[in-house]
>>> print(open('final-v8.txt').read())   # compact mmCIF, C-alpha atoms
# COMPACT_ATOMS: atom_id res chain seq x y z
CA MET A 1 0.00 0.00 0.00
CA SER A 2 1.39 3.40 -0.94
CA ASN A 3 1.94 5.96 1.79
CA PHE A 4 -0.76 8.19 0.42
CA LYS A 5 -3.26 5.32 0.39
CA THR A 6 -2.39 4.44 3.99
CA PHE A 7 -3.14 8.01 4.97
CA SER A 8 -6.21 8.70 2.85
CA LYS A 9 -8.18 5.49 3.36
CA GLY A 10 -9.22 6.54 6.87
CA ILE A 11 -10.70 9.83 5.75
CA LEU A 12 -13.38 8.62 3.35
CA GLU A 13 -13.15 5.01 2.18
CA GLU A 14 -12.77 3.43 5.62
CA ASN A 15 -14.02 6.34 7.69
CA PRO A 16 -14.02 4.97 11.26
CA VAL A 17 -17.37 6.49 12.21
CA LEU A 18 -19.43 6.68 9.04
CA VAL A 19 -18.28 3.44 7.38
CA MET A 20 -16.79 1.25 10.12
CA LEU A 21 -19.26 2.48 12.79
CA LEU A 22 -16.72 2.69 15.59
CA GLY A 23 -16.40 5.30 18.30
CA THR A 24 -20.13 5.95 18.44
CA CYS A 25 -20.17 7.23 22.03
CA PRO A 26 -18.04 10.37 21.52
CA THR A 27 -19.67 10.87 18.12
CA LEU A 28 -23.05 11.28 19.77
CA ALA A 29 -21.97 12.94 22.99
CA THR A 30 -19.67 15.71 21.79
CA THR A 31 -21.47 16.92 18.68
CA THR A 32 -24.02 19.42 19.99
CA LEU A 33 -21.70 22.10 18.58
CA ALA A 34 -19.50 21.77 15.49
CA SER A 35 -16.54 23.28 17.35
CA THR A 36 -16.75 20.80 20.26
CA GLY A 37 -16.87 17.97 17.75
CA VAL A 38 -13.73 19.23 16.03
CA GLY A 39 -12.00 19.67 19.40
CA MET A 40 -12.83 16.10 20.36
CA GLY A 41 -11.72 14.89 16.94
CA LEU A 42 -8.35 16.63 17.13
CA ALA A 43 -7.70 15.46 20.71
CA THR A 44 -8.45 11.90 19.60
CA THR A 45 -6.26 12.31 16.50
CA PHE A 46 -3.33 13.37 18.66
CA VAL A 47 -3.73 10.37 20.97
CA LEU A 48 -4.20 8.05 18.00
CA VAL A 49 -1.06 9.21 16.16
CA CYS A 50 1.11 9.10 19.30
CA SER A 51 -0.15 5.73 20.49
CA ASN A 52 0.18 4.24 17.00
CA ILE A 53 3.82 5.40 16.85
CA VAL A 54 4.71 4.07 20.30
CA ILE A 55 2.89 0.77 19.87
CA SER A 56 4.48 0.25 16.49
CA MET A 57 7.93 0.83 18.05
CA LEU A 58 7.18 -1.62 20.85
CA LYS A 59 5.57 -4.29 18.70
CA ARG A 60 8.43 -6.77 19.23
CA VAL A 61 8.63 -6.11 22.98
CA ILE A 62 4.98 -6.51 23.93
CA PRO A 63 4.06 -10.17 24.60
CA LYS A 64 1.06 -11.28 22.58
CA GLU A 65 -0.95 -12.56 25.57
CA VAL A 66 -1.02 -9.28 27.46
CA ARG A 67 -1.05 -6.93 24.49
CA LEU A 68 -4.42 -5.31 25.21
CA PRO A 69 -3.51 -4.09 28.73
CA CYS A 70 -0.16 -2.86 27.33
CA PHE A 71 -1.89 -0.92 24.54
CA ILE A 72 -4.32 0.54 27.07
CA VAL A 73 -1.50 1.82 29.30
CA VAL A 74 0.16 3.57 26.35
CA ILE A 75 -3.14 5.11 25.25
CA ALA A 76 -4.08 6.17 28.80
CA GLY A 77 -0.72 7.91 29.16
CA PHE A 78 -1.32 10.06 26.10
CA VAL A 79 -4.91 10.78 27.14
CA THR A 80 -3.71 12.08 30.51
CA PHE A 81 -1.18 14.23 28.65
CA VAL A 82 -3.83 15.69 26.32
CA SER A 83 -6.22 16.44 29.16
CA PHE A 84 -3.46 18.37 30.99
CA ILE A 85 -2.71 20.41 27.88
CA LEU A 86 -6.38 21.21 27.25
CA GLN A 87 -7.01 22.06 30.90
CA ALA A 88 -4.13 24.53 30.81
CA TYR A 89 -4.55 26.15 27.41
CA ILE A 90 -8.15 25.59 26.21
CA PRO A 91 -10.18 25.34 29.46
CA ASP A 92 -13.49 25.99 27.64
CA LEU A 93 -13.05 22.92 25.48
CA TYR A 94 -11.85 20.94 28.51
CA ASP A 95 -15.08 21.79 30.33
CA SER A 96 -17.39 21.03 27.44
CA LEU A 97 -15.77 17.66 26.66
CA GLY A 98 -15.93 16.73 30.34
CA ILE A 99 -15.72 13.05 31.09
CA PHE A 100 -15.50 12.14 27.40
CA LEU A 101 -11.96 13.45 27.33
CA SER A 102 -10.92 10.71 29.76
CA LEU A 103 -13.05 8.22 27.89
CA ILE A 104 -10.83 8.58 24.80
CA VAL A 105 -8.96 5.71 26.49
CA VAL A 106 -11.75 3.29 25.65
CA ASN A 107 -12.50 4.70 22.20
CA CYS A 108 -12.54 1.55 20.09
CA ILE A 109 -11.01 3.35 17.09
CA ILE A 110 -7.71 3.78 18.95
CA LEU A 111 -7.53 0.28 20.38
CA GLY A 112 -8.75 -1.08 17.05
CA ARG A 113 -5.99 0.66 15.07
CA ALA A 114 -3.38 -0.48 17.60
CA GLU A 115 -4.53 -4.06 17.21
CA MET A 116 -5.14 -4.13 13.46
CA PHE A 117 -2.46 -1.80 12.14
CA ALA A 118 0.19 -0.40 14.49
CA SER A 119 1.15 -3.76 16.00
CA LYS A 120 1.82 -5.16 12.51
CA ASN A 121 3.34 -2.25 10.57
CA LYS A 122 6.32 0.09 10.50
CA VAL A 123 6.42 3.30 12.53
CA GLY A 124 6.00 5.71 9.61
CA ALA A 125 3.05 3.85 8.13
CA SER A 126 1.41 3.59 11.56
CA ALA A 127 1.71 7.34 12.09
CA LEU A 128 0.12 8.02 8.69
CA ASP A 129 -2.64 5.51 9.38
CA GLY A 130 -3.34 7.16 12.74
CA LEU A 131 -3.39 10.62 11.19
CA GLY A 132 -5.78 9.55 8.42
CA MET A 133 -8.14 7.71 10.76
CA GLY A 134 -8.06 10.60 13.23
CA LEU A 135 -8.86 13.16 10.55
CA GLY A 136 -11.66 10.91 9.28
CA PHE A 137 -13.07 10.81 12.81
CA THR A 138 -12.76 14.61 13.06
CA LEU A 139 -14.50 15.05 9.71
CA ALA A 140 -17.41 12.85 10.79
CA LEU A 141 -17.77 14.72 14.07
CA PHE A 142 -17.62 18.03 12.23
CA VAL A 143 -20.38 17.00 9.79
CA ILE A 144 -22.68 15.68 12.51
CA GLY A 145 -21.88 18.61 14.80
CA SER A 146 -22.63 21.10 12.02
CA CYS A 147 -26.03 19.53 11.28
CA ARG A 148 -26.97 19.55 14.96
CA GLU A 149 -25.73 23.08 15.60
CA ILE A 150 -27.44 24.57 12.52
CA LEU A 151 -30.76 22.85 13.23
CA GLY A 152 -30.68 22.99 17.01
CA PHE A 153 -29.11 26.37 17.75
CA GLY A 154 -29.52 28.21 14.44
CA SER A 155 -25.80 28.93 14.36
CA TRP A 156 -22.64 27.48 12.84
CA LEU A 157 -19.22 27.50 14.50
CA GLY A 158 -20.60 29.99 16.96
CA ILE A 159 -21.92 32.41 14.31
CA SER A 160 -25.63 32.98 14.76
CA PHE A 161 -27.62 33.04 11.51
CA GLU A 162 -30.14 35.44 12.97
CA ASP A 163 -27.45 38.04 13.67
CA LEU A 164 -25.96 37.44 10.26
CA LEU A 165 -29.06 37.45 8.07
CA GLY A 166 -31.55 39.32 10.21
CA PHE A 167 -34.05 36.43 10.15
CA TRP A 168 -33.96 32.70 10.84
CA PRO A 169 -36.68 30.21 11.76
CA GLU A 170 -36.96 29.20 15.42
CA PRO A 171 -34.22 26.58 16.09
CA MET A 172 -35.47 23.06 16.80
CA LEU A 173 -34.18 22.18 20.25
CA PHE A 174 -34.84 18.49 19.55
CA PHE A 175 -31.57 18.28 17.62
CA ILE A 176 -29.38 19.13 20.58
CA THR A 177 -31.08 16.59 22.84
CA PRO A 178 -29.63 13.07 23.03
CA ALA A 179 -32.53 11.80 20.92
CA GLY A 180 -31.65 14.30 18.19
CA GLY A 181 -28.08 13.02 18.24
CA PHE A 182 -29.19 9.48 17.42
CA PHE A 183 -31.49 10.80 14.71
CA VAL A 184 -28.89 12.97 12.95
CA PHE A 185 -26.31 10.17 13.15
CA GLY A 186 -28.80 7.74 11.57
CA VAL A 187 -29.65 10.13 8.75
CA VAL A 188 -25.98 10.91 8.03
CA ILE A 189 -25.19 7.19 7.78
CA ALA A 190 -28.19 6.73 5.48
CA VAL A 191 -26.76 9.44 3.20
CA VAL A 192 -23.35 7.75 3.26
CA ASN A 193 -25.05 4.46 2.34
CA LEU A 194 -26.76 6.18 -0.60
CA ILE A 195 -23.43 7.52 -1.84
CA MET A 196 -21.79 4.12 -1.44
CA ARG A 197 -24.60 2.43 -3.38
CA ALA A 198 -24.21 4.99 -6.15
CA LYS A 199 -20.55 3.98 -6.35
CA ASN A 200 -21.56 0.30 -6.43
CA ARG A 201 -20.05 -0.49 -3.07
CA LYS A 202 -21.94 -2.50 -0.54
CA PRO A 203 -22.67 -0.52 2.62
CA LYS A 204 -22.18 -2.19 5.98
CA GLU A 205 -25.27 -3.75 7.45
CA LYS A 206 -23.82 -4.71 10.79
CA ILE A 207 -22.39 -2.71 13.65
CA GLY A 208 -18.63 -2.39 13.93
CA CYS A 209 -17.10 -5.91 13.96
CA GLU A 210 -14.47 -5.18 11.31
CA GLY A 211 -12.32 -2.76 13.27
CA CYS A 212 -13.43 -3.95 16.70
CA PRO A 213 -10.46 -4.76 18.95
CA HIS A 214 -12.30 -7.80 20.25
CA LYS A 215 -12.82 -9.37 16.87
CA ALA A 216 -10.25 -12.10 17.49
CA GLU A 217 -11.83 -13.15 20.78
CA CYS A 218 -15.34 -12.75 19.48
CA THR A 219 -14.91 -14.94 16.43
CA LYS A 220 -13.52 -17.72 18.62
CA GLN A 221 -16.84 -17.91 20.45
CA GLU A 222 -19.79 -19.86 19.20
CA GLY A 223 -21.70 -17.87 16.60
CA GLY A 224 -18.77 -15.50 16.11
CA CYS A 225 -19.56 -11.86 15.67
CA ASP A 226 -23.22 -12.70 15.09
CA ALA A 227 -23.50 -13.46 18.80
CA CYS A 228 -23.38 -9.71 19.29
CA MET B 1 -29.84 8.98 53.86
CA LEU B 2 -32.23 6.48 52.33
CA LYS B 3 -33.86 9.25 50.36
CA GLU B 4 -30.50 10.35 49.04
CA MET B 5 -29.68 6.79 47.89
CA LEU B 6 -33.07 6.45 46.18
CA VAL B 7 -32.51 9.74 44.37
CA ILE B 8 -29.11 8.54 43.09
CA LEU B 9 -30.55 5.16 42.09
CA PHE B 10 -33.54 6.45 40.17
CA SER B 11 -31.61 9.29 38.58
CA ALA B 12 -29.10 6.78 37.23
CA ILE B 13 -31.77 4.39 35.96
CA LEU B 14 -34.31 6.74 34.42
CA VAL B 15 -33.44 10.43 34.26
CA ASP B 16 -29.74 10.28 33.42
CA ASN B 17 -29.90 6.91 31.71
CA PHE B 18 -26.34 5.95 30.80
CA VAL B 19 -27.09 4.94 27.25
CA LEU B 20 -29.89 7.22 26.21
CA SER B 21 -28.92 10.47 27.85
CA LYS B 22 -25.22 10.18 28.73
CA PHE B 23 -24.19 8.30 25.57
CA MET B 24 -22.03 5.71 27.24
CA GLY B 25 -21.95 2.11 26.10
CA ILE B 26 -23.49 2.81 22.70
CA CYS B 27 -21.50 0.04 20.96
CA PRO B 28 -22.99 -2.83 23.00
CA PHE B 29 -26.35 -1.03 22.99
CA LEU B 30 -26.45 -1.14 19.18
CA GLY B 31 -24.49 -4.36 18.78
CA VAL B 32 -25.98 -6.72 21.34
CA SER B 33 -29.64 -5.75 21.11
CA LYS B 34 -30.64 -8.00 18.25
CA LYS B 35 -31.91 -10.84 20.41
CA MET B 36 -33.66 -10.62 23.74
CA ASP B 37 -31.59 -13.31 25.52
CA SER B 38 -28.24 -11.84 24.53
CA ALA B 39 -29.51 -8.45 25.72
CA VAL B 40 -30.31 -9.95 29.11
CA GLY B 41 -26.90 -11.68 29.30
CA MET B 42 -25.04 -8.53 28.37
CA GLY B 43 -27.05 -6.47 30.86
CA GLY B 44 -26.28 -8.92 33.66
CA ALA B 45 -22.58 -8.87 32.84
CA VAL B 46 -22.51 -5.06 32.79
CA ILE B 47 -24.27 -4.75 36.18
CA PHE B 48 -21.83 -7.26 37.67
CA VAL B 49 -18.69 -5.64 36.27
CA MET B 50 -19.86 -2.10 37.12
CA LEU B 51 -20.48 -3.02 40.75
CA MET B 52 -17.14 -4.82 41.01
CA ALA B 53 -15.26 -2.02 39.24
CA SER B 54 -16.71 0.62 41.58
CA ALA B 55 -15.92 -1.50 44.62
CA MET B 56 -12.31 -1.91 43.42
CA THR B 57 -11.62 1.63 42.24
CA TYR B 58 -13.02 3.44 45.29
CA PRO B 59 -10.33 2.21 47.73
CA ILE B 60 -7.63 2.66 45.08
CA TYR B 61 -8.59 6.28 44.57
CA GLU B 62 -9.22 7.09 48.21
CA TYR B 63 -6.28 5.29 49.83
CA LEU B 64 -3.65 5.17 47.08
CA LEU B 65 -4.07 8.09 44.68
CA VAL B 66 -5.35 10.80 47.03
CA PRO B 67 -2.70 10.41 49.81
CA TYR B 68 0.11 10.63 47.23
CA HIS B 69 -1.57 13.46 45.25
CA LEU B 70 -1.81 11.32 42.14
CA GLU B 71 -5.48 12.06 41.37
CA TYR B 72 -4.59 12.90 37.78
CA LEU B 73 -3.62 9.27 37.21
CA ASN B 74 -7.16 8.10 37.89
CA THR B 75 -8.03 7.27 34.25
CA MET B 76 -4.93 5.14 33.84
CA ALA B 77 -5.25 3.40 37.20
CA PHE B 78 -8.96 2.69 36.76
CA ILE B 79 -8.77 1.26 33.26
CA LEU B 80 -5.87 -1.00 34.24
CA VAL B 81 -7.72 -2.26 37.30
CA ILE B 82 -10.85 -2.89 35.25
CA ALA B 83 -8.97 -4.67 32.46
CA LEU B 84 -7.01 -6.93 34.82
CA PHE B 85 -9.97 -7.53 37.07
CA VAL B 86 -12.29 -8.59 34.25
CA GLN B 87 -9.71 -11.15 33.11
CA LEU B 88 -9.40 -12.46 36.65
CA VAL B 89 -13.17 -12.75 37.05
CA GLU B 90 -13.38 -14.61 33.77
CA ILE B 91 -10.79 -17.15 34.91
CA ILE B 92 -12.45 -17.62 38.32
CA LEU B 93 -15.93 -18.00 36.86
CA LYS B 94 -14.69 -20.49 34.27
CA ARG B 95 -13.03 -22.62 36.94
CA TYR B 96 -15.55 -22.49 39.80
CA ILE B 97 -18.96 -21.15 38.74
CA LYS B 98 -19.56 -22.74 35.35
CA PRO B 99 -23.27 -21.82 34.91
CA LEU B 100 -22.59 -18.13 35.51
CA TYR B 101 -19.65 -18.30 33.11
CA ASN B 102 -21.85 -19.84 30.43
CA ALA B 103 -24.38 -17.04 30.86
CA LEU B 104 -21.97 -14.09 31.00
CA GLY B 105 -18.69 -15.44 29.60
CA VAL B 106 -19.00 -14.22 26.03
CA TYR B 107 -19.71 -10.68 27.14
CA LEU B 108 -17.04 -10.24 29.81
CA PRO B 109 -14.04 -9.48 27.54
CA LEU B 110 -16.20 -7.09 25.52
CA ILE B 111 -16.95 -5.08 28.64
CA THR B 112 -13.32 -4.17 29.38
CA THR B 113 -13.37 -1.42 26.82
CA ASN B 114 -16.99 -0.46 27.38
CA CYS B 115 -16.96 3.23 28.18
CA ALA B 116 -19.93 2.86 30.53
CA VAL B 117 -17.82 0.89 33.02
CA LEU B 118 -14.90 3.32 33.06
CA GLY B 119 -17.41 6.17 32.90
CA VAL B 120 -19.27 5.14 36.04
CA THR B 121 -16.04 4.87 38.06
CA LEU B 122 -14.90 8.30 36.87
CA LEU B 123 -18.30 9.83 37.60
CA ASN B 124 -18.21 8.41 41.13
CA VAL B 125 -14.99 10.31 41.70
CA GLU B 126 -16.19 13.45 39.95
CA ASN B 127 -19.38 13.59 42.03
CA GLU B 128 -17.39 12.87 45.21
CA TYR B 129 -19.62 9.96 46.16
CA ASN B 130 -18.73 7.93 49.23
CA PHE B 131 -18.45 4.13 49.00
CA LEU B 132 -22.14 3.42 49.47
CA SER B 133 -23.29 6.12 47.04
CA SER B 134 -20.76 4.85 44.49
CA MET B 135 -22.17 1.35 44.73
CA VAL B 136 -25.75 2.61 44.45
CA ASN B 137 -24.81 4.80 41.49
CA SER B 138 -23.17 1.91 39.66
CA LEU B 139 -26.10 -0.39 40.41
CA GLY B 140 -28.42 2.26 38.97
CA ALA B 141 -26.19 2.77 35.95
CA GLY B 142 -26.09 -0.98 35.28
CA LEU B 143 -29.85 -1.37 35.72
CA GLY B 144 -30.45 1.63 33.46
CA PHE B 145 -28.18 0.13 30.80
CA THR B 146 -30.01 -3.21 31.04
CA LEU B 147 -33.42 -1.55 30.91
CA ALA B 148 -32.48 0.44 27.79
CA LEU B 149 -30.95 -2.65 26.17
CA ILE B 150 -33.98 -4.85 26.81
CA LEU B 151 -36.50 -2.20 25.72
CA PHE B 152 -34.48 -1.59 22.59
CA ALA B 153 -34.17 -5.31 21.80
CA GLY B 154 -37.98 -5.43 21.82
CA VAL B 155 -38.20 -2.43 19.50
CA ARG B 156 -35.60 -3.88 17.15
CA GLU B 157 -37.40 -7.17 16.71
CA ARG B 158 -40.27 -5.13 15.25
CA VAL B 159 -38.01 -2.88 13.19
CA GLU B 160 -36.42 -5.91 11.48
CA ALA B 161 -39.79 -6.80 10.04
CA ALA B 162 -40.67 -3.26 8.93
CA ASP B 163 -40.42 -2.09 5.34
CA VAL B 164 -38.00 0.83 5.37
CA PRO B 165 -36.46 2.83 2.49
CA GLN B 166 -33.43 1.13 0.93
CA ALA B 167 -30.90 3.68 2.22
CA PHE B 168 -32.15 3.37 5.79
CA LYS B 169 -31.91 -0.45 5.92
CA GLY B 170 -29.67 -1.79 8.65
CA VAL B 171 -27.79 0.65 10.83
CA PRO B 172 -29.56 3.97 10.01
CA ILE B 173 -33.05 2.75 10.92
CA THR B 174 -31.62 1.23 14.11
CA LEU B 175 -30.28 4.65 15.09
CA VAL B 176 -33.56 6.36 14.26
CA ALA B 177 -35.38 3.78 16.41
CA ALA B 178 -32.87 4.48 19.21
CA SER B 179 -33.71 8.16 18.84
CA ILE B 180 -37.40 7.46 19.42
CA VAL B 181 -36.61 5.32 22.49
CA ALA B 182 -34.46 8.20 23.77
CA VAL B 183 -37.38 10.61 23.30
CA SER B 184 -39.50 8.37 25.52
CA PHE B 185 -36.81 8.56 28.24
CA MET B 186 -36.90 12.35 28.06
CA GLY B 187 -40.35 11.99 29.60
CA PHE B 188 -38.67 11.04 32.88
CA ASN B 189 -37.14 14.52 33.24
CA GLY B 190 -38.03 15.96 36.59
CA LEU B 191 -39.45 12.67 37.81
CA VAL B 192 -36.97 12.20 40.64
CA THR B 193 -37.20 15.74 41.97
CA GLY B 194 -40.97 15.46 41.61
CA ILE B 195 -41.18 12.36 43.81
CA PHE B 196 -38.34 12.86 46.29
CA GLY B 197 -37.73 16.59 45.98
>>> encode(input="final-v8.txt", output="structure tokens")
Amino acid sequence: MSNFKTFSKGILEENPVLVMLLGTCPTLATTTLASTGVGMGLATTFVLVCSNIVISMLKRVIPKEVRLPCFIVVIAGFVTFVSFILQAYIPDLYDSLGIFLSLIVVNCIILGRAEMFASKNKVGASALDGLGMGLGFTLALFVIGSCREILGFGSWLGISFEDLLGFWPEPMLFFITPAGGFFVFGVVIAVVNLIMRAKNRKPKEKIGCEGCPHKAECTKQEGGCDAC
Amino acid sequence: MLKEMLVILFSAILVDNFVLSKFMGICPFLGVSKKMDSAVGMGGAVIFVMLMASAMTYPIYEYLLVPYHLEYLNTMAFILVIALFVQLVEIILKRYIKPLYNALGVYLPLITTNCAVLGVTLLNVENEYNFLSSMVNSLGAGLGFTLALILFAGVRERVEAADVPQAFKGVPITLVAASIVAVSFMGFNGLVTGIFG
């Protein structure tokens, strides 16, 4: 695989949220505003790139049996680092991400990439893969966040349409509630499915087994991933 | 005291439902809700692990991290404890309590990286709950997760049979159905303050 392909596949073709359906929790929880979504996306991208690099360097050192706890320690270290940085320099974002900043540790995109890519590939390729996947995640959060902010608040990236244009219909508060999050996410995936069908590619019907870090364990069980 | 515990319990189950209003544990909520019996198994495993995780992380935070001013390491310490502990429980159950292992075994490894479990332990710390409140909060969180999962499994069995537009088949219609279930949980807003307030 060429370097460019390694980088670009995560952004559209194998977008972790819209195509692989991973990392759904932060996707729903941090997208009431487009800017919060982007903040979450970039924080996750940083952790993903760093952990991919470190795990790729350590791939010969980490014993296979205890690899998941080892990956988690590396990831948790970078998450703690990011939350310090945000707390010090961007406290507003730190407050609005809240507990979901710590929960980057259990974001299945990061563990999934460690398991499927970084532990099998060279450092440079792993960094590119992490960057691509992270930007894909950020893009998805930005799209969903934009839809919710425009419909729910009548603003975009903090700019109110009413101030800008002088008129705007009453915003629909439904879209910033949790229920609205599920709804917008569903509709965005439906649109992605439409685009994929138009390109003659089969959209995914099932939820996130492909990139799931537990795939190996799951498929060993009776019924495999269908047990889920 | 009792009133306080009931408020925490019912808030966690209904008002601030972990899945439908806090967005934690969405992956298993969407993934394991296809069949009713796997929903029940998963729910049981989550309640069990949440209670155990809270019981383990409380002393670690209170007696290890706080005295040495290492509170900022809580995420790392908690996730390690949960990951190791779940493996240990799996081994013990497999060896000594076979029926329970058969019921929960498949789901245990999946729960390690479930954000609801780490989330409940972090929330216990954030809200400065004492040991008892932490346990009640995690019981409520687990019950709330199970309730949402079981309700949603029932909804999904109907959705499977429905005739939906081509583009919405599969995941999108599942999310839209989840949205409608979440709307119904919004009806519980103010319930707890209304009863116990």
>>> interface_residues(input="final-v8.txt", of="chain B", to="chain A", cutoff="8 Å", atoms="only C-alpha atoms", output="VMD selection string")
chain B and resid 20 to 28 30 to 34 38 72 to 73 75 to 76 79 to 80 83 to 84 106 109 to 110 113 to 115 118 to 119 122 to 123 167 to 176 178 to 183
>>> residues_around(input="final-v8.txt", residues="Asp129 of chain A", least_positions_apart="4", cutoff="8 Å", atoms="all atoms listed in the file", output="list in words")
Thr6, Phe7, Gly10, Val49, Phe117, Ala125 and Met133 of chain A
>>> atom_distance(input="final-v8.txt", atom1="atom CA of Asp163 of chain A", atom2="atom CA of Thr32 of chain A")
20.0 Å
>>> axis_aligned_box(input="final-v8.txt", around="segment 28-39 of chain B", padding_each_side="5 Å", output="AutoDock Vina command-line options")
--center_x -28.3 --center_y -7.2 --center_z 22.0 --size_x 20.7 --size_y 22.3 --size_z 17.5
>>> atom_distance(input="final-v8.txt", atom1="atom CA of Thr112 of chain B", atom2="atom CA of Met135 of chain B")
18.6 Å
>>> atom_distance(input="final-v8.txt", atom1="atom CA of Ser56 of chain A", atom2="atom CA of Lys120 of chain A")
7.2 Å
>>> residues_around(input="final-v8.txt", residues="Met5 of chain B", least_positions_apart="3", cutoff="8 Å", atoms="all atoms listed in the file", output="PyMOL selection string")
chain B and resi 1-2+8-9+133+136
>>> closest_residue(input="final-v8.txt", among="A:Gly166, A:Gly39, A:Gly130, A:Pro171", to="Tyr94 of chain A", atoms="all atoms listed in the file")
A:Gly39
>>> closest_residue(input="final-v8.txt", among="B:Gly43, B:Met50, B:Gly142, B:Leu14", to="Met186 of chain B", atoms="all atoms listed in the file")
B:Leu14
>>> residues_around(input="final-v8.txt", residues="Phe196 of chain B", least_positions_apart="6", cutoff="9 Å", atoms="only C-alpha atoms", output="list of chain:residue names")
B:Lys3, B:Glu4, B:Leu6, B:Val7
>>> residues_around(input="final-v8.txt", residues="Leu139 of chain B", least_positions_apart="3", cutoff="12 Å", atoms="only C-alpha atoms", output="ChimeraX atom specification")
/B:5-6,8-13,17-18,43-55,117,120-121,124,132-136,142-146
>>> build_atoms(input="final-v8.txt", residues="segment 115-126 of chain B", atoms="N, CA, C and O atoms", output="compact mmCIF listing (two decimals), keeping the file's coordinate frame")
# COMPACT_ATOMS: atom_id res chain seq x y z
N CYS B 115 -17.21 1.97 27.48
CA CYS B 115 -16.96 3.23 28.18
C CYS B 115 -17.90 3.43 29.35
O CYS B 115 -17.62 4.22 30.24
N ALA B 116 -19.03 2.69 29.40
CA ALA B 116 -19.93 2.86 30.53
C ALA B 116 -19.27 2.44 31.84
O ALA B 116 -19.48 3.06 32.87
N VAL B 117 -18.45 1.39 31.79
CA VAL B 117 -17.82 0.89 33.02
C VAL B 117 -16.79 1.88 33.54
O VAL B 117 -16.81 2.29 34.70
N LEU B 118 -15.88 2.32 32.64
CA LEU B 118 -14.90 3.32 33.06
C LEU B 118 -15.62 4.62 33.43
O LEU B 118 -15.26 5.29 34.40
N GLY B 119 -16.66 4.93 32.67
CA GLY B 119 -17.41 6.17 32.90
C GLY B 119 -18.02 6.21 34.29
O GLY B 119 -17.92 7.23 34.97
N VAL B 120 -18.60 5.11 34.73
CA VAL B 120 -19.27 5.14 36.04
C VAL B 120 -18.24 5.31 37.15
O VAL B 120 -18.46 6.06 38.11
N THR B 121 -17.05 4.70 37.01
CA THR B 121 -16.04 4.87 38.06
C THR B 121 -15.52 6.31 38.08
O THR B 121 -15.30 6.87 39.16
N LEU B 122 -15.37 6.91 36.90
CA LEU B 122 -14.90 8.30 36.87
C LEU B 122 -15.96 9.25 37.41
O LEU B 122 -15.64 10.23 38.09
N LEU B 123 -17.23 8.96 37.10
CA LEU B 123 -18.30 9.83 37.60
C LEU B 123 -18.41 9.76 39.11
O LEU B 123 -18.69 10.76 39.77
N ASN B 124 -18.19 8.55 39.67
CA ASN B 124 -18.21 8.41 41.13
C ASN B 124 -17.20 9.35 41.77
O ASN B 124 -17.48 9.98 42.79
N VAL B 125 -16.02 9.43 41.16
CA VAL B 125 -14.99 10.31 41.70
C VAL B 125 -15.37 11.77 41.50
O VAL B 125 -15.26 12.59 42.39
N GLU B 126 -15.85 12.07 40.28
CA GLU B 126 -16.19 13.45 39.95
C GLU B 126 -17.28 14.00 40.86
O GLU B 126 -17.24 15.14 41.29
